[in-house]
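For reference, model.cif is printed below; it contains mmCIF, N, CA and C atoms.
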data_structure
loop_
_atom_site.label_atom_id
_atom_site.label_comp_id
_atom_site.auth_asym_id
_atom_site.auth_seq_id
_atom_site.Cartn_x
_atom_site.Cartn_y
_atom_site.Cartn_z
N MET A 28 187.77 167.61 148.71
CA MET A 28 187.60 167.59 147.27
C MET A 28 188.98 167.53 146.60
N PRO A 29 189.18 166.61 145.67
CA PRO A 29 190.47 166.50 144.99
C PRO A 29 190.77 167.76 144.19
N THR A 30 192.07 168.06 144.05
CA THR A 30 192.48 169.20 143.24
C THR A 30 193.22 168.69 142.02
N MET A 31 193.19 169.45 140.96
CA MET A 31 193.86 169.06 139.73
C MET A 31 195.31 169.51 139.76
N THR A 32 196.18 168.67 139.24
CA THR A 32 197.59 169.02 139.12
C THR A 32 197.77 169.91 137.90
N PRO A 33 198.92 170.59 137.77
CA PRO A 33 199.11 171.49 136.63
C PRO A 33 198.92 170.83 135.26
N ASP A 34 199.27 169.54 135.13
CA ASP A 34 199.09 168.92 133.82
C ASP A 34 197.65 168.43 133.61
N MET A 35 196.80 168.54 134.61
CA MET A 35 195.37 168.24 134.56
C MET A 35 195.05 166.79 134.20
N THR A 36 196.04 165.89 134.33
CA THR A 36 195.77 164.49 134.00
C THR A 36 195.55 163.63 135.24
N LYS A 37 195.98 164.09 136.39
CA LYS A 37 195.83 163.31 137.61
C LYS A 37 195.22 164.20 138.69
N THR A 38 194.50 163.57 139.57
CA THR A 38 193.98 164.30 140.71
C THR A 38 194.71 163.85 141.97
N ILE A 39 194.81 164.76 142.93
CA ILE A 39 195.44 164.45 144.20
C ILE A 39 194.35 164.45 145.25
N SER A 40 194.27 163.37 145.98
CA SER A 40 193.29 163.28 147.05
C SER A 40 194.02 162.92 148.34
N PRO A 41 193.37 163.06 149.47
CA PRO A 41 194.02 162.68 150.73
C PRO A 41 194.51 161.23 150.74
N LYS A 42 193.85 160.37 150.00
CA LYS A 42 194.26 158.96 149.97
C LYS A 42 195.51 158.72 149.13
N THR A 43 195.76 159.56 148.13
CA THR A 43 196.91 159.37 147.26
C THR A 43 198.05 160.33 147.57
N ALA A 44 197.82 161.31 148.41
CA ALA A 44 198.86 162.29 148.74
C ALA A 44 199.95 161.64 149.60
N ILE A 45 201.16 162.16 149.48
CA ILE A 45 202.27 161.68 150.29
C ILE A 45 202.08 162.21 151.71
N PRO A 46 202.21 161.35 152.73
CA PRO A 46 202.08 161.84 154.11
C PRO A 46 203.12 162.92 154.39
N ARG A 47 202.75 163.91 155.19
CA ARG A 47 203.64 165.04 155.47
C ARG A 47 204.96 164.60 156.08
N ASP A 48 204.95 163.53 156.89
CA ASP A 48 206.20 163.08 157.51
C ASP A 48 207.14 162.44 156.50
N LYS A 49 206.69 162.17 155.27
CA LYS A 49 207.53 161.56 154.24
C LYS A 49 208.02 162.58 153.21
N ILE A 50 207.52 163.80 153.26
CA ILE A 50 207.87 164.81 152.26
C ILE A 50 209.30 165.32 152.44
N TYR A 51 209.70 165.55 153.69
CA TYR A 51 210.99 166.16 153.97
C TYR A 51 212.10 165.10 154.06
N GLU A 52 213.29 165.48 153.63
CA GLU A 52 214.42 164.57 153.67
C GLU A 52 214.73 164.17 155.12
N GLN A 53 214.89 162.87 155.34
CA GLN A 53 215.19 162.36 156.67
C GLN A 53 216.66 161.97 156.75
N PHE A 54 217.24 162.23 157.92
CA PHE A 54 218.64 161.92 158.16
C PHE A 54 218.74 160.92 159.30
N THR A 55 219.63 159.95 159.15
CA THR A 55 219.85 158.99 160.22
C THR A 55 220.61 159.67 161.34
N ILE A 56 220.05 159.60 162.55
CA ILE A 56 220.64 160.26 163.71
C ILE A 56 221.21 159.21 164.68
N ASP A 57 220.41 158.19 165.00
CA ASP A 57 220.78 157.14 165.97
C ASP A 57 221.42 157.74 167.22
N ARG A 58 220.66 158.60 167.86
CA ARG A 58 221.13 159.32 169.05
C ARG A 58 220.12 159.15 170.18
N PRO A 59 220.60 158.97 171.42
CA PRO A 59 219.66 158.84 172.54
C PRO A 59 218.91 160.15 172.79
N GLY A 60 217.70 159.99 173.29
CA GLY A 60 216.88 161.15 173.62
C GLY A 60 215.96 160.84 174.77
N LYS A 61 215.17 161.83 175.15
CA LYS A 61 214.19 161.67 176.22
C LYS A 61 212.85 162.21 175.76
N ILE A 62 211.81 161.45 176.02
CA ILE A 62 210.44 161.92 175.83
C ILE A 62 210.01 162.47 177.18
N ILE A 63 209.70 163.76 177.21
CA ILE A 63 209.34 164.43 178.46
C ILE A 63 207.84 164.69 178.45
N PHE A 64 207.15 164.10 179.41
CA PHE A 64 205.70 164.21 179.49
C PHE A 64 205.30 165.61 179.94
N VAL A 65 204.26 166.14 179.33
CA VAL A 65 203.69 167.42 179.76
C VAL A 65 202.53 167.06 180.68
N GLU A 66 202.68 167.42 181.97
CA GLU A 66 201.69 167.03 182.97
C GLU A 66 200.86 168.23 183.42
N HIS A 67 200.14 168.02 184.48
CA HIS A 67 199.28 169.04 185.06
C HIS A 67 200.07 170.33 185.30
N HIS A 68 199.51 171.46 184.93
CA HIS A 68 200.15 172.79 185.06
C HIS A 68 201.47 172.86 184.32
N LEU A 69 201.57 172.11 183.23
CA LEU A 69 202.75 172.10 182.35
C LEU A 69 204.03 171.65 183.04
N SER A 70 203.92 170.89 184.13
CA SER A 70 205.12 170.36 184.76
C SER A 70 205.68 169.25 183.86
N THR A 71 207.00 169.04 183.95
CA THR A 71 207.66 168.09 183.07
C THR A 71 208.57 167.15 183.87
N LYS A 72 208.04 166.54 184.91
CA LYS A 72 208.85 165.69 185.78
C LYS A 72 209.05 164.29 185.21
N ALA A 73 208.03 163.71 184.60
CA ALA A 73 208.12 162.33 184.11
C ALA A 73 208.74 162.31 182.71
N ASN A 74 209.58 161.30 182.47
CA ASN A 74 210.17 161.15 181.13
C ASN A 74 210.53 159.70 180.91
N LEU A 75 210.80 159.38 179.67
CA LEU A 75 211.30 158.05 179.33
C LEU A 75 212.35 158.17 178.25
N ARG A 76 213.24 157.22 178.23
CA ARG A 76 214.32 157.23 177.26
C ARG A 76 213.85 156.70 175.92
N CYS A 77 214.49 157.21 174.87
CA CYS A 77 214.18 156.74 173.53
C CYS A 77 215.46 156.80 172.69
N LEU A 78 215.38 156.25 171.51
CA LEU A 78 216.47 156.33 170.54
C LEU A 78 215.91 157.05 169.33
N ILE A 79 216.54 158.14 168.96
CA ILE A 79 216.11 158.91 167.78
C ILE A 79 216.80 158.29 166.58
N ARG A 80 216.03 157.60 165.76
CA ARG A 80 216.59 156.90 164.60
C ARG A 80 216.81 157.84 163.41
N LYS A 81 215.76 158.57 163.04
CA LYS A 81 215.81 159.47 161.88
C LYS A 81 215.18 160.80 162.26
N MET A 82 215.58 161.85 161.53
CA MET A 82 215.06 163.17 161.84
C MET A 82 215.03 164.02 160.58
N SER A 83 214.01 164.86 160.49
CA SER A 83 213.90 165.84 159.41
C SER A 83 213.50 167.16 160.05
N ILE A 84 213.32 168.19 159.24
CA ILE A 84 212.87 169.46 159.82
C ILE A 84 211.41 169.37 160.27
N TYR A 85 210.69 168.36 159.79
CA TYR A 85 209.27 168.18 160.14
C TYR A 85 209.05 167.31 161.37
N GLY A 86 209.87 166.28 161.55
CA GLY A 86 209.63 165.33 162.63
C GLY A 86 210.74 164.30 162.74
N ALA A 87 210.42 163.18 163.39
CA ALA A 87 211.44 162.16 163.63
C ALA A 87 210.81 160.79 163.78
N GLU A 88 211.66 159.78 163.68
CA GLU A 88 211.29 158.41 164.00
C GLU A 88 212.03 158.04 165.26
N LEU A 89 211.30 157.60 166.27
CA LEU A 89 211.88 157.24 167.55
C LEU A 89 211.67 155.76 167.80
N GLU A 90 212.50 155.21 168.67
CA GLU A 90 212.34 153.82 169.10
C GLU A 90 212.22 153.80 170.61
N VAL A 91 211.15 153.16 171.10
CA VAL A 91 210.92 153.00 172.54
C VAL A 91 210.45 151.57 172.79
N SER A 92 210.44 151.17 174.04
CA SER A 92 209.92 149.84 174.37
C SER A 92 208.46 149.75 173.93
N PRO A 93 208.07 148.65 173.30
CA PRO A 93 206.68 148.52 172.86
C PRO A 93 205.70 148.41 174.02
N TYR A 94 206.20 148.23 175.23
CA TYR A 94 205.34 148.05 176.40
C TYR A 94 205.07 149.37 177.13
N LEU A 95 205.71 150.44 176.71
CA LEU A 95 205.53 151.72 177.38
C LEU A 95 204.45 152.54 176.69
N THR A 96 203.67 153.26 177.48
CA THR A 96 202.66 154.16 176.96
C THR A 96 203.30 155.51 176.68
N VAL A 97 203.04 156.05 175.51
CA VAL A 97 203.58 157.35 175.11
C VAL A 97 202.41 158.30 174.92
N PRO A 98 202.50 159.51 175.49
CA PRO A 98 201.40 160.47 175.34
C PRO A 98 201.32 161.01 173.92
N GLY A 99 200.20 161.60 173.58
CA GLY A 99 200.00 162.18 172.25
C GLY A 99 200.80 163.45 172.02
N HIS A 100 201.11 164.17 173.09
CA HIS A 100 201.88 165.41 173.01
C HIS A 100 202.96 165.38 174.09
N PHE A 101 204.17 165.78 173.73
CA PHE A 101 205.29 165.73 174.66
C PHE A 101 206.42 166.61 174.14
N PHE A 102 207.47 166.72 174.94
CA PHE A 102 208.69 167.39 174.52
C PHE A 102 209.74 166.32 174.24
N LEU A 103 210.58 166.56 173.24
CA LEU A 103 211.69 165.67 172.93
C LEU A 103 212.99 166.40 173.25
N GLU A 104 213.84 165.73 174.01
CA GLU A 104 215.18 166.26 174.31
C GLU A 104 216.19 165.34 173.66
N ILE A 105 217.13 165.91 172.93
CA ILE A 105 218.18 165.15 172.27
C ILE A 105 219.42 165.20 173.15
N LEU A 106 220.01 164.05 173.44
CA LEU A 106 221.19 164.00 174.29
C LEU A 106 222.26 164.93 173.73
N GLY A 107 222.79 165.79 174.58
CA GLY A 107 223.83 166.73 174.16
C GLY A 107 223.31 168.08 173.74
N ILE A 108 222.00 168.24 173.68
CA ILE A 108 221.38 169.52 173.30
C ILE A 108 220.36 169.87 174.37
N ARG A 109 220.45 171.06 174.90
CA ARG A 109 219.59 171.45 176.01
C ARG A 109 218.16 171.80 175.59
N ASP A 110 217.95 172.14 174.36
CA ASP A 110 216.61 172.53 173.90
C ASP A 110 215.65 171.36 173.91
N GLU A 111 214.38 171.66 174.19
CA GLU A 111 213.31 170.66 174.10
C GLU A 111 212.42 171.05 172.93
N ILE A 112 212.00 170.05 172.17
CA ILE A 112 211.19 170.29 170.98
C ILE A 112 209.78 169.78 171.26
N GLY A 113 208.78 170.64 171.07
CA GLY A 113 207.39 170.23 171.22
C GLY A 113 207.01 169.27 170.11
N CYS A 114 206.36 168.13 170.47
CA CYS A 114 206.07 167.07 169.49
C CYS A 114 204.64 166.55 169.63
N THR A 115 204.17 165.96 168.55
CA THR A 115 202.88 165.29 168.50
C THR A 115 203.09 163.91 167.89
N LEU A 116 202.52 162.89 168.53
CA LEU A 116 202.60 161.53 168.02
C LEU A 116 201.73 161.40 166.79
N ILE A 117 202.30 160.96 165.68
CA ILE A 117 201.56 160.76 164.43
C ILE A 117 201.05 159.33 164.33
N ARG A 118 201.96 158.38 164.56
CA ARG A 118 201.56 156.97 164.55
C ARG A 118 202.58 156.14 165.32
N ARG A 119 202.11 154.96 165.71
CA ARG A 119 202.97 154.03 166.44
C ARG A 119 202.82 152.64 165.85
N GLU A 120 203.95 152.00 165.59
CA GLU A 120 204.00 150.62 165.10
C GLU A 120 204.96 149.88 166.02
N GLU A 121 204.41 149.23 167.05
CA GLU A 121 205.17 148.53 168.09
C GLU A 121 206.18 149.47 168.74
N GLU A 122 207.49 149.26 168.53
CA GLU A 122 208.46 150.14 169.18
C GLU A 122 208.80 151.39 168.37
N LYS A 123 208.31 151.49 167.14
CA LYS A 123 208.62 152.63 166.27
C LYS A 123 207.54 153.71 166.40
N LEU A 124 207.98 154.92 166.77
CA LEU A 124 207.07 156.06 166.85
C LEU A 124 207.41 157.02 165.72
N THR A 125 206.41 157.51 165.04
CA THR A 125 206.59 158.58 164.07
C THR A 125 205.98 159.82 164.70
N ILE A 126 206.80 160.85 164.82
CA ILE A 126 206.33 162.08 165.48
C ILE A 126 206.49 163.27 164.54
N GLY A 127 205.69 164.28 164.77
CA GLY A 127 205.82 165.55 164.07
C GLY A 127 206.19 166.62 165.07
N PHE A 128 207.06 167.52 164.67
CA PHE A 128 207.38 168.64 165.54
C PHE A 128 206.25 169.65 165.44
N ASN A 129 205.95 170.32 166.54
CA ASN A 129 204.85 171.28 166.55
C ASN A 129 205.13 172.47 165.65
N MET A 130 206.40 172.72 165.35
CA MET A 130 206.83 173.73 164.37
C MET A 130 208.01 173.14 163.61
N LEU A 131 208.15 173.50 162.35
CA LEU A 131 209.33 173.05 161.61
C LEU A 131 210.58 173.56 162.33
N ILE A 132 211.58 172.69 162.46
CA ILE A 132 212.80 173.14 163.11
C ILE A 132 213.71 173.82 162.09
N ASP A 133 214.58 174.65 162.58
CA ASP A 133 215.51 175.38 161.74
C ASP A 133 216.48 174.39 161.09
N PRO A 134 216.71 174.49 159.78
CA PRO A 134 217.66 173.57 159.13
C PRO A 134 219.06 173.61 159.75
N GLU A 135 219.48 174.76 160.27
CA GLU A 135 220.79 174.86 160.93
C GLU A 135 220.82 174.02 162.21
N PHE A 136 219.69 174.00 162.95
CA PHE A 136 219.60 173.17 164.15
C PHE A 136 219.72 171.69 163.76
N LEU A 137 219.01 171.28 162.72
CA LEU A 137 219.09 169.90 162.24
C LEU A 137 220.52 169.56 161.84
N HIS A 138 221.17 170.46 161.14
CA HIS A 138 222.56 170.25 160.72
C HIS A 138 223.46 170.06 161.95
N HIS A 139 223.22 170.84 163.00
CA HIS A 139 223.98 170.72 164.25
C HIS A 139 223.78 169.33 164.87
N VAL A 140 222.54 168.84 164.89
CA VAL A 140 222.25 167.51 165.44
C VAL A 140 222.96 166.44 164.63
N ILE A 141 222.96 166.56 163.32
CA ILE A 141 223.63 165.59 162.46
C ILE A 141 225.13 165.59 162.73
N ARG A 142 225.72 166.77 162.89
CA ARG A 142 227.16 166.88 163.17
C ARG A 142 227.51 166.25 164.52
N LEU A 143 226.62 166.35 165.51
CA LEU A 143 226.87 165.73 166.82
C LEU A 143 227.09 164.22 166.69
N GLY A 144 226.36 163.61 165.79
CA GLY A 144 226.49 162.17 165.58
C GLY A 144 227.86 161.77 165.06
N PHE A 145 228.47 162.64 164.25
CA PHE A 145 229.79 162.32 163.71
C PHE A 145 230.89 162.51 164.74
N GLY A 146 230.63 163.30 165.77
CA GLY A 146 231.64 163.56 166.78
C GLY A 146 231.64 162.56 167.92
N SER A 147 230.62 161.70 167.98
CA SER A 147 230.54 160.75 169.11
C SER A 147 231.34 159.49 168.81
N ASN A 148 231.76 158.83 169.85
CA ASN A 148 232.50 157.58 169.72
C ASN A 148 231.65 156.39 170.07
N ASP A 149 230.32 156.47 169.90
CA ASP A 149 229.39 155.40 170.28
C ASP A 149 229.54 154.19 169.40
#
Serialized structure, structure tokens:
Amino acid sequence: MPTMTPDMTKTISPKTAIPRDKIYEQFTIDRPGKIIFVEHHLSTKANLRCLIRKMSIYGAELEVSPYLTVPGHFFLEILGIRDEIGCTLIRREEEKLTIGFNMLIDPEFLHHVIRLGFGSND
């Protein structure tokens, strides 16, 4: 059911609402990463390489080969950072993946990732 905005002149519905992955400010990262598959008994042996194009506290835009199958749920590892982030695939458009993090990441962590990009000589 649509809800009324404070000025009561427009209604917001799921069709007109801004997608959650577009609400948060996105930063260009252009950093290599790994998609780590969550397998039977939570083992994480299989992975594939990706390029993290943009990132926000909510999620990221990744680039992978359009011929590779990507699972709906996985961990993301950013090159140079040991932590793995739990992720859910939101949508895929050929090689572009839009993902959401299973929890909002700490803004300080995002700031650290952004700073890593300025220190590289790529």
Problem - Gap from atom CA of Leu116 of chain A to atom CA of Glu88 of chain A - Å, one decimal - result: 10.1 Å
Problem - Residue nearest Thr125 of chain A - candidates A:Phe64, A:Ile50, A:Asn74, A:Gly86, atoms counted: only C-alpha atoms - result: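 Result for the nearest residue to Thr125 of chain A: A:Gly86.
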Fill in the blank from the handout: re atom CA of Phe54 of chain A and atom CA of Leu95 of chain A: distance 25.4 Å
Problem - Point-to-point distance in Å for atom CA of Cys114 of chain A and atom CA of Gly60 of chain A - result: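 So the answer is 13.0 Å.
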Practice task
For each of A:Arg76, A:Lys49, A:Arg142, A:Arg119, take the minimum atom-to-atom distance to Glu90 of chain A, counting all atoms listed in the file, then give the residue where this is smallest.
Solution key: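 Among the listed residues, the smallest separation from Glu90 of chain A belongs to A:Arg76.
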Exercise for the section: Identify which of the residues A:Gly127, A:Gly99, A:Gly107, A:Pro134 lies closest to Lys61 of chain A, counting only C-alpha atoms when measuring atom-to-atom distances. Expected result: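 Nearest candidate to Lys61 of chain A out of A:Gly127, A:Gly99, A:Gly107, A:Pro134: A:Gly107.
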Exercise for the section: Can you turn the PyMOL selection byres ((chain A and resi 63) around 7) into a concrete residue list for this file, as a PyMOL selection string? Expected result: chain A and resi 61-62+64-66+71-75+100-104
Problem - Using only N, CA and C atoms: which of A:Arg118, A:Glu135, A:Asn129, A:Ile112 has the shortest distance to Tyr85 of chain A - result: A:Asn129
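Among the candidate residues A:Ile84, A:Ile56, A:Ile108, A:Leu78, the one lying nearest to Met130 of chain A is A:Ile84, with distances computed using all atoms listed in the file.
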